[in-house]
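Remarks on the structure that follows.
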Amino acid sequence: MDRDLNAPRLRPPWGTRRTAMVTVAAVAAGFALWFATSADANGDDGHRTDAPGVTANMFEWNWSSVARECTNHLGPAGFRGVQVAPPADSLKRTSLGNGSDTVLHPWWEVYQPVDYTLTSRMGTAAQFAAMVSTCRQAGVKVYVDAVINHMTGQGNTSYGGQSYTHFSYPAVPYTAADFHQKGTGPNDCSSSSGGIEDFNNVHQVFKCELLGLADLNTSDPGVQSRLAAYLNTLIGYGVSGFRVDAAKHIGQADLDAIYRQLHRTKDGLRPYWALEVFGGGPGILSPQAFTTSGSVLGLDGVKQIRDAFKSYPDQHIGSLATLQVFGSGSGLTPSDRTLSFVTNHDTERNGDALSYKDGSRYLLANEWLLASGYGSPQVFSGFTFSSPDDSPPSDANGIITDADCGTGRWTCTHRNPGIVGMVGWHNYVGKAQRANFYTDGDNVIAFSRGNRGWAAFNNGTSPKTITVQTGLPGGDYCNVLASQRSGSGCTNGAPPVHVDSHGLVTTTVGPSGAVGLDRANKL
Ligand code: ARE
Ligand code: CA
């Protein structure tokens with residue numbers, strides 16, 4: 001048996017030794033399997049791709065804080081993965097930019113890589129390696145935000161102390177020949193500015209500069225192999241997959257060529273590959289069109305969730321009843337190809353999403369997403385901000401300081417007891433189908449997942465008492481939003497919720513509140 005888990009292979013499943021005992025049927029089946037697996041655009045040689053369970057996106061938490069969180073909170077709560085910010089050495093600004101630019105170390109410095117050593121605002125390579133191993137020991141896999149479309153758009157100094165210019169990064173090394181440049185040649189960008197002027201133009205989206213960031217010629221085999229080497233270094237540390245930044249600007253063919261060179265993870269799986277593709281682009285630029293190359297970020301879902309939950313300044317509230325249909329039925333990418341979330345670091349700033357600023361409504365939306373069964377759900381925990389460029393809490397040199405959930409500077413959504421309760425509920429119900437959907441036609445909904453769990457959500461401003469079918473066996477249950485089963489009672493002095501012998505429950509759901517029952521918490 002082949003023990004080399006890392007060499008990508010394409011070959012028939014019977015390996016190199018065949019015996020005369022092989023039957024015609026077995027050979028036919030073998031061919032069918034070989035064609036099925038070898039035809040995969042990602043070079044999948046029959047090994048499964050890592051599929052994350054519920055993850056936490058610990059946006060710009062430093063490595064030692066992520067490690068601590070894996071051990072003390074994420075692992076025990078049932079989070080199966082953590083997404084971390086771009087770990088590569090990046091731009092370190094030494095002066096302010098232009099105009100209204102008043103933050104020396106904005107959070108977005110890390111989206112301008114300078115080289116692929118791991119000296120960053122979040123810590124050293126040794127701290128990164130220790131974090132990955134600590135998290136894995138806690139049962140939490142690590143997924144990395146990979147910035148591989150471009151290098152920098154400004155500056156000349158990095159956190160790792162490297163010097164560079166816009167098209168010259170000696171520490172990788174990259175030279176001008178490794179980039180798309182303004183011009184009319186086959187590897188050039190033909191827009192008049194050299195930047196993306198039209199986000200619906202496929203040539204510009206792939207080959208012109210996003211935000212003035214030096215655009216790598218990702219079709220070039222030499223560039224592809226340097227990018228794959230960076231990602232394989234991370235896999236070597238124990239990383240399980242990637243959120244691919246600006247994947248829409250790399251394009252399917254180049255993404256596939258890079259992915260084919262990736263090693264298997266420490267678990268023997270193909271790495272998870274979650275592509276950042278904002279919706280709105282036509283045809284080949286659409287999120288749907290990238291599902292042939294991997295999973296995609298659920299950025300259109302973010303807007304649908306906002307529209308269902310949001311309270312607008314005129315006091316108009318969206319309608320949870322719309323969520324009876326959510327997923328491919330509402331125009332989103334398929335559940336098994338989607339990393340789903342209520343917000344990420346971009347959408348919490350650009351108006352597309354609910355954010356921690358929406359308080360209990362934001363928590364409720366996260367609890368609902370964990371219950372919904374759509375995608376691989378991800379809970380976002382970042383830092384609080386007043387202006388969109390604000391740095392995470394850092395020292396004067398931009399080095400991010402340890403996260404502290406007591407200061408109000410870090411959002412720590414993953415520690416919220418209601419979220420933790422629904423992570424457990426999510427893990428317990430697994431893939432059980434949604435049934436018994438109920439709505440009052442406005443802002444109260446409830447549904448079961450098979451006969452394993454049931455939950456109700458109220459996004460209105462007053463309590464609502466409902467009597468509905470739970471699909472659960474009769475008995476007393478602890479509401480996982482507020483408590484857990486402990487011996488013959490519920491923790492926190494919470495009163496149990498009674499389900500009658502017909503599966504009916506009568507319960508009151510508070511404003512911006514939820515009730516979650518599962519059989520693991522049946523008394
Ligand atoms: C900063 C400055 C810029 C400056 C640049 C280079 O703000 O003024 O030109 O540096 O000097 C992040 C920040 C940027 C920051 C950048 C680099 O958000 O402000 O620029 O880091 O430091 C498109 C892309 C999508 C991209 C968004 C922002 O398709 O991939 O724009 N998102 C990712 C990350 C960002 C990150 C980058 C990419 C760059 O998640 O956080 O930028 O690495 C429509 C289009 C979308 C478009 C969207 C923009 O929906 O269809 O394609 O997204 O609008 O909202
Ligand atoms: Ca590009």
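Ligands are numbered from 1 in the order shown, residues from 1 within each chain, and chains are lettered A, B, ... in the order they appear in the structure tokens.
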Task: DSSP strand (DSSP E) residues within range 191-310 of chain A, as a VMD selection string - done: chain A and resid 241 to 244 272 to 275 295 to 297
Would you save the residues from that selection as a compact mmCIF listing (two decimals), in the first residue's frame, using N, CA and C atoms?
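Writing the result to result.txt gives the following:
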```txt
# COMPACT_ATOMS: atom_id res chain seq x y z
N GLY A 241 -6.46 23.53 4.78
CA GLY A 241 -7.04 24.11 3.57
C GLY A 241 -6.95 25.61 3.60
N PHE A 242 -7.62 26.22 2.60
CA PHE A 242 -7.41 27.64 2.36
C PHE A 242 -8.70 28.37 2.01
N ARG A 243 -8.77 29.61 2.45
CA ARG A 243 -9.71 30.59 1.92
C ARG A 243 -8.88 31.36 0.89
N VAL A 244 -9.23 31.26 -0.37
CA VAL A 244 -8.38 31.86 -1.40
C VAL A 244 -8.85 33.28 -1.67
N TYR A 272 -8.99 21.65 1.71
CA TYR A 272 -10.21 22.44 1.46
C TYR A 272 -9.80 23.68 0.68
N TRP A 273 -10.67 24.13 -0.23
CA TRP A 273 -10.30 25.19 -1.17
C TRP A 273 -11.52 26.08 -1.30
N ALA A 274 -11.60 27.13 -0.49
CA ALA A 274 -12.79 27.99 -0.45
C ALA A 274 -12.47 29.30 -1.16
N LEU A 275 -13.11 29.50 -2.29
CA LEU A 275 -12.74 30.58 -3.21
C LEU A 275 -13.55 31.84 -2.94
N SER A 295 -14.88 24.93 -3.37
CA SER A 295 -16.02 25.54 -2.70
C SER A 295 -15.92 27.05 -2.87
N VAL A 296 -17.00 27.74 -2.57
CA VAL A 296 -16.97 29.21 -2.67
C VAL A 296 -17.49 29.82 -1.38
N LEU A 297 -17.12 31.08 -1.16
CA LEU A 297 -17.63 31.80 0.01
C LEU A 297 -19.09 32.20 -0.25
```
- [ ] Residues within 9 Å of ligand 2, counting only C-alpha atoms and all ligand atoms: report them as a ChimeraX atom specification.
- [x] /A:148-150,179-180,204-210,214-218,246-251
Would you save the residues from that selection as a PDB file, in the first residue's frame, using N, CA and C atoms?
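What landed in result-v2.pdb:
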```pdb
ATOM      1  N   ILE A 148      -2.870  35.042  -2.943  1.00  0.00           N
ATOM      2  CA  ILE A 148      -2.001  34.534  -4.010  1.00  0.00           C
ATOM      3  C   ILE A 148      -2.293  35.163  -5.368  1.00  0.00           C
ATOM      4  N   ASN A 149      -3.192  36.149  -5.407  1.00  0.00           N
ATOM      5  CA  ASN A 149      -3.466  36.828  -6.679  1.00  0.00           C
ATOM      6  C   ASN A 149      -2.472  37.953  -6.951  1.00  0.00           C
ATOM      7  N   HIS A 150      -1.915  38.498  -5.864  1.00  0.00           N
ATOM      8  CA  HIS A 150      -1.163  39.740  -6.025  1.00  0.00           C
ATOM      9  C   HIS A 150      -0.139  39.902  -4.909  1.00  0.00           C
ATOM     10  N   PHE A 179       4.708  39.269 -13.403  1.00  0.00           N
ATOM     11  CA  PHE A 179       3.458  40.014 -13.186  1.00  0.00           C
ATOM     12  C   PHE A 179       2.777  40.365 -14.502  1.00  0.00           C
ATOM     13  N   HIS A 180       1.447  40.489 -14.441  1.00  0.00           N
ATOM     14  CA  HIS A 180       0.711  41.118 -15.529  1.00  0.00           C
ATOM     15  C   HIS A 180       1.048  42.613 -15.493  1.00  0.00           C
ATOM     16  N   GLN A 204     -10.069  41.897 -17.792  1.00  0.00           N
ATOM     17  CA  GLN A 204      -9.619  42.834 -16.755  1.00  0.00           C
ATOM     18  C   GLN A 204      -9.643  42.182 -15.370  1.00  0.00           C
ATOM     19  N   VAL A 205     -10.709  41.430 -15.101  1.00  0.00           N
ATOM     20  CA  VAL A 205     -10.844  40.824 -13.768  1.00  0.00           C
ATOM     21  C   VAL A 205      -9.689  39.861 -13.494  1.00  0.00           C
ATOM     22  N   PHE A 206      -9.264  39.114 -14.531  1.00  0.00           N
ATOM     23  CA  PHE A 206      -8.178  38.151 -14.335  1.00  0.00           C
ATOM     24  C   PHE A 206      -6.795  38.816 -14.373  1.00  0.00           C
ATOM     25  N   LYS A 207      -6.599  39.739 -15.296  1.00  0.00           N
ATOM     26  CA  LYS A 207      -5.224  40.164 -15.607  1.00  0.00           C
ATOM     27  C   LYS A 207      -4.888  41.602 -15.243  1.00  0.00           C
ATOM     28  N   CYS A 208      -5.846  42.366 -14.767  1.00  0.00           N
ATOM     29  CA  CYS A 208      -5.521  43.749 -14.392  1.00  0.00           C
ATOM     30  C   CYS A 208      -5.431  43.860 -12.871  1.00  0.00           C
ATOM     31  N   GLU A 209      -4.918  44.990 -12.408  1.00  0.00           N
ATOM     32  CA  GLU A 209      -4.665  45.131 -10.977  1.00  0.00           C
ATOM     33  C   GLU A 209      -5.951  45.419 -10.199  1.00  0.00           C
ATOM     34  N   LEU A 210      -6.171  44.635  -9.172  1.00  0.00           N
ATOM     35  CA  LEU A 210      -7.241  44.889  -8.207  1.00  0.00           C
ATOM     36  C   LEU A 210      -6.702  45.910  -7.211  1.00  0.00           C
ATOM     37  N   ALA A 214      -0.010  44.711  -7.329  1.00  0.00           N
ATOM     38  CA  ALA A 214       0.772  44.087  -8.400  1.00  0.00           C
ATOM     39  C   ALA A 214       0.230  42.675  -8.670  1.00  0.00           C
ATOM     40  N   ASP A 215      -0.267  42.450  -9.905  1.00  0.00           N
ATOM     41  CA  ASP A 215      -1.041  41.245 -10.217  1.00  0.00           C
ATOM     42  C   ASP A 215      -0.140  40.140 -10.759  1.00  0.00           C
ATOM     43  N   LEU A 216      -0.039  39.063 -10.012  1.00  0.00           N
ATOM     44  CA  LEU A 216       0.830  37.969 -10.430  1.00  0.00           C
ATOM     45  C   LEU A 216       0.330  37.322 -11.719  1.00  0.00           C
ATOM     46  N   ASN A 217       1.259  36.940 -12.582  1.00  0.00           N
ATOM     47  CA  ASN A 217       0.899  36.194 -13.785  1.00  0.00           C
ATOM     48  C   ASN A 217       0.700  34.733 -13.379  1.00  0.00           C
ATOM     49  N   THR A 218      -0.495  34.460 -12.874  1.00  0.00           N
ATOM     50  CA  THR A 218      -0.773  33.143 -12.299  1.00  0.00           C
ATOM     51  C   THR A 218      -0.918  32.048 -13.352  1.00  0.00           C
ATOM     52  N   ALA A 246      -9.370  36.830  -3.260  1.00  0.00           N
ATOM     53  CA  ALA A 246      -9.447  37.342  -4.632  1.00  0.00           C
ATOM     54  C   ALA A 246      -9.381  36.225  -5.676  1.00  0.00           C
ATOM     55  N   ALA A 247      -9.969  35.083  -5.376  1.00  0.00           N
ATOM     56  CA  ALA A 247      -9.944  33.938  -6.302  1.00  0.00           C
ATOM     57  C   ALA A 247     -10.576  34.295  -7.646  1.00  0.00           C
ATOM     58  N   LYS A 248     -11.561  35.186  -7.588  1.00  0.00           N
ATOM     59  CA  LYS A 248     -12.222  35.618  -8.832  1.00  0.00           C
ATOM     60  C   LYS A 248     -11.221  36.251  -9.795  1.00  0.00           C
ATOM     61  N   HIS A 249     -10.120  36.769  -9.255  1.00  0.00           N
ATOM     62  CA  HIS A 249      -9.141  37.475 -10.086  1.00  0.00           C
ATOM     63  C   HIS A 249      -8.001  36.566 -10.531  1.00  0.00           C
ATOM     64  N   ILE A 250      -8.071  35.316 -10.137  1.00  0.00           N
ATOM     65  CA  ILE A 250      -7.082  34.331 -10.575  1.00  0.00           C
ATOM     66  C   ILE A 250      -7.679  33.510 -11.715  1.00  0.00           C
ATOM     67  N   GLY A 251      -8.943  33.168 -11.561  1.00  0.00           N
ATOM     68  CA  GLY A 251      -9.626  32.417 -12.617  1.00  0.00           C
ATOM     69  C   GLY A 251      -9.495  30.921 -12.422  1.00  0.00           C
TER      70      GLY A 251
END
```
What are the closest atom pairs, with distances in Å to one decimal, for all residues of chain A lying within 6 Å of ligand 1? Consider only C-alpha atoms and all ligand atoms, order rows by chain and residue number, and present the result as a tab-separated table.
```
residue	atom	partner	partner_atom_place_in_ligand_line	distance
A:Trp108	CA	ligand 1	22 (O)	4.2
A:Glu109	CA	ligand 1	22 (O)	4.9
A:Tyr111	CA	ligand 1	43 (O)	4.3
A:Gln112	CA	ligand 1	22 (O)	5.1
A:Gly153	CA	ligand 1	11 (O)	3.7
A:Gln154	CA	ligand 1	11 (O)	4.7
A:Phe199	CA	ligand 1	51 (O)	5.7
A:Leu211	CA	ligand 1	9 (O)	4.1
A:Gly212	CA	ligand 1	9 (O)	5.0
A:Leu213	CA	ligand 1	6 (C)	5.2
A:Asp245	CA	ligand 1	33 (C)	5.4
A:Ala246	CA	ligand 1	30 (O)	3.3
A:Phe278	CA	ligand 1	46 (C)	4.9
A:Gly279	CA	ligand 1	51 (O)	5.8
A:Gly280	CA	ligand 1	51 (O)	5.3
A:Gly281	CA	ligand 1	51 (O)	5.7
A:Asp346	CA	ligand 1	41 (O)	5.4
```
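Using only C-alpha atoms for every distance, the candidate list A:Ala56, A:Val114, A:Ala321, A:Val420 yields A:Val114 as the residue closest to Ser168 in chain A.
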Open item on the list: Give me the residues near Asp389 in chain A as an MDAnalysis selection string, where near means some atom within 9 Å (using only C-alpha atoms) and where sequence neighbours in that chain fewer than 4 positions away do not count.
Closed with: chainID A and resid 101:103 105:108 385
- [ ] Go through A:Leu231, A:Ala403, A:Leu104, A:Ile419 one by one, measure the shortest atom-to-atom distance of each to Ala482 in chain A using only C-alpha atoms, and give the residue with the smallest value.
- [x] A:Ile419
- [ ] Go through A:Arg409, A:Ile400, A:Gly460, A:Ser311 one by one, measure the shortest atom-to-atom distance of each to Ser386 in chain A using only C-alpha atoms, and give the residue with the smallest value.
- [x] A:Arg409
Contacts of Leu354 in chain A within 12 Å, only C-alpha atoms, excl. fewer than 5 positions in-chain, as a compact mmCIF listing (two decimals) with C-alpha atoms, in the first residue's frame:
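selection_34.txt, written as the output of this step:
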```
# COMPACT_ATOMS: atom_id res chain seq x y z
CA GLY A 301 -26.13 34.40 1.16
CA VAL A 302 -24.70 37.09 3.46
CA LYS A 303 -26.97 39.65 1.77
CA GLN A 304 -30.03 37.39 1.91
CA ILE A 305 -29.45 36.83 5.63
CA ARG A 306 -29.07 40.57 6.20
CA ASP A 307 -32.30 41.27 4.33
CA ALA A 308 -34.18 38.68 6.38
CA PHE A 309 -32.92 39.83 9.80
CA LYS A 310 -31.99 43.48 9.51
CA SER A 311 -33.72 46.26 11.41
CA TYR A 312 -33.66 49.39 9.28
CA GLY A 318 -36.84 42.12 7.46
CA PHE A 341 -21.50 32.89 7.22
CA VAL A 342 -23.41 35.91 8.46
CA THR A 343 -20.46 38.22 7.88
CA ASN A 344 -16.74 38.39 7.20
CA HIS A 345 -14.18 41.16 7.52
CA ASP A 346 -15.19 42.83 4.25
CA THR A 347 -18.96 42.62 4.58
CA GLU A 348 -19.03 43.85 8.19
CA ARG A 349 -17.54 47.06 6.82
CA GLY A 359 -26.26 43.11 18.74
CA SER A 360 -28.76 40.39 19.57
CA ARG A 361 -30.11 40.31 16.02
CA TYR A 362 -26.61 39.43 14.78
CA LEU A 363 -26.33 36.62 17.31
CA LEU A 364 -29.77 35.36 16.32
CA ALA A 365 -28.75 35.27 12.64
CA ASN A 366 -25.67 33.20 13.54
CA PHE A 380 -16.89 35.41 12.66
```
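In this comparison, which uses only C-alpha atoms, the residue of A:Gly441, A:Gly513, A:Pro87, A:Gly487 approaching Ala125 in chain A most closely is A:Pro87.
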Open item on the list: When DSSP is applied to the backbone of this structure, which of range 294-477 of chain A are assigned alpha helix (DSSP H)? Write them out as a VMD selection string.
Closed with: chain A and resid 299 to 309 347 to 350 360 to 372 417 to 429
- [ ] Would you mind telling me which residue in A:Thr119, A:Thr71, A:Thr55, A:Gln261 lies nearest to Thr134 in chain A when using only C-alpha atoms?
- [x] A:Thr71
Open item on the list: Could you check the closest approach to Arg485 in chain A for each of A:Ala456, A:Ala514, A:Val66, A:Leu523 and tell me which residue wins, using only C-alpha atoms?
Closed with: A:Leu523
Task: Distance query Asp300 in chain A at most 10 Å, only C-alpha atoms, self and fewer than 6 positions along chain excluded, as a list in words - done: Val277, Phe278, Gly279, Gly280, Pro287, Gly327, Ser330, Gly331, Leu332, Thr333, Ser340, Asp352 and Ala353 of chain A
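Residues within 6 Å of Asp50 in chain A, counting only C-alpha atoms and excluding same-chain residues fewer than 4 positions away, are Leu269, Arg270, Pro271 and Tyr272 of chain A.
Distance-wise, CA of Thr49 in chain A and CA of Ala77 in chain A end up 24.1 Å apart.
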- [ ] Excluding Gln162 in chain A and any residue of its chain fewer than 5 positions from it, enumerate the residues within 12 Å of it, using only C-alpha atoms, and give them as number ranges by chain.
- [x] A: 89-92, 113-117, 119-120, 155-157, 168-173
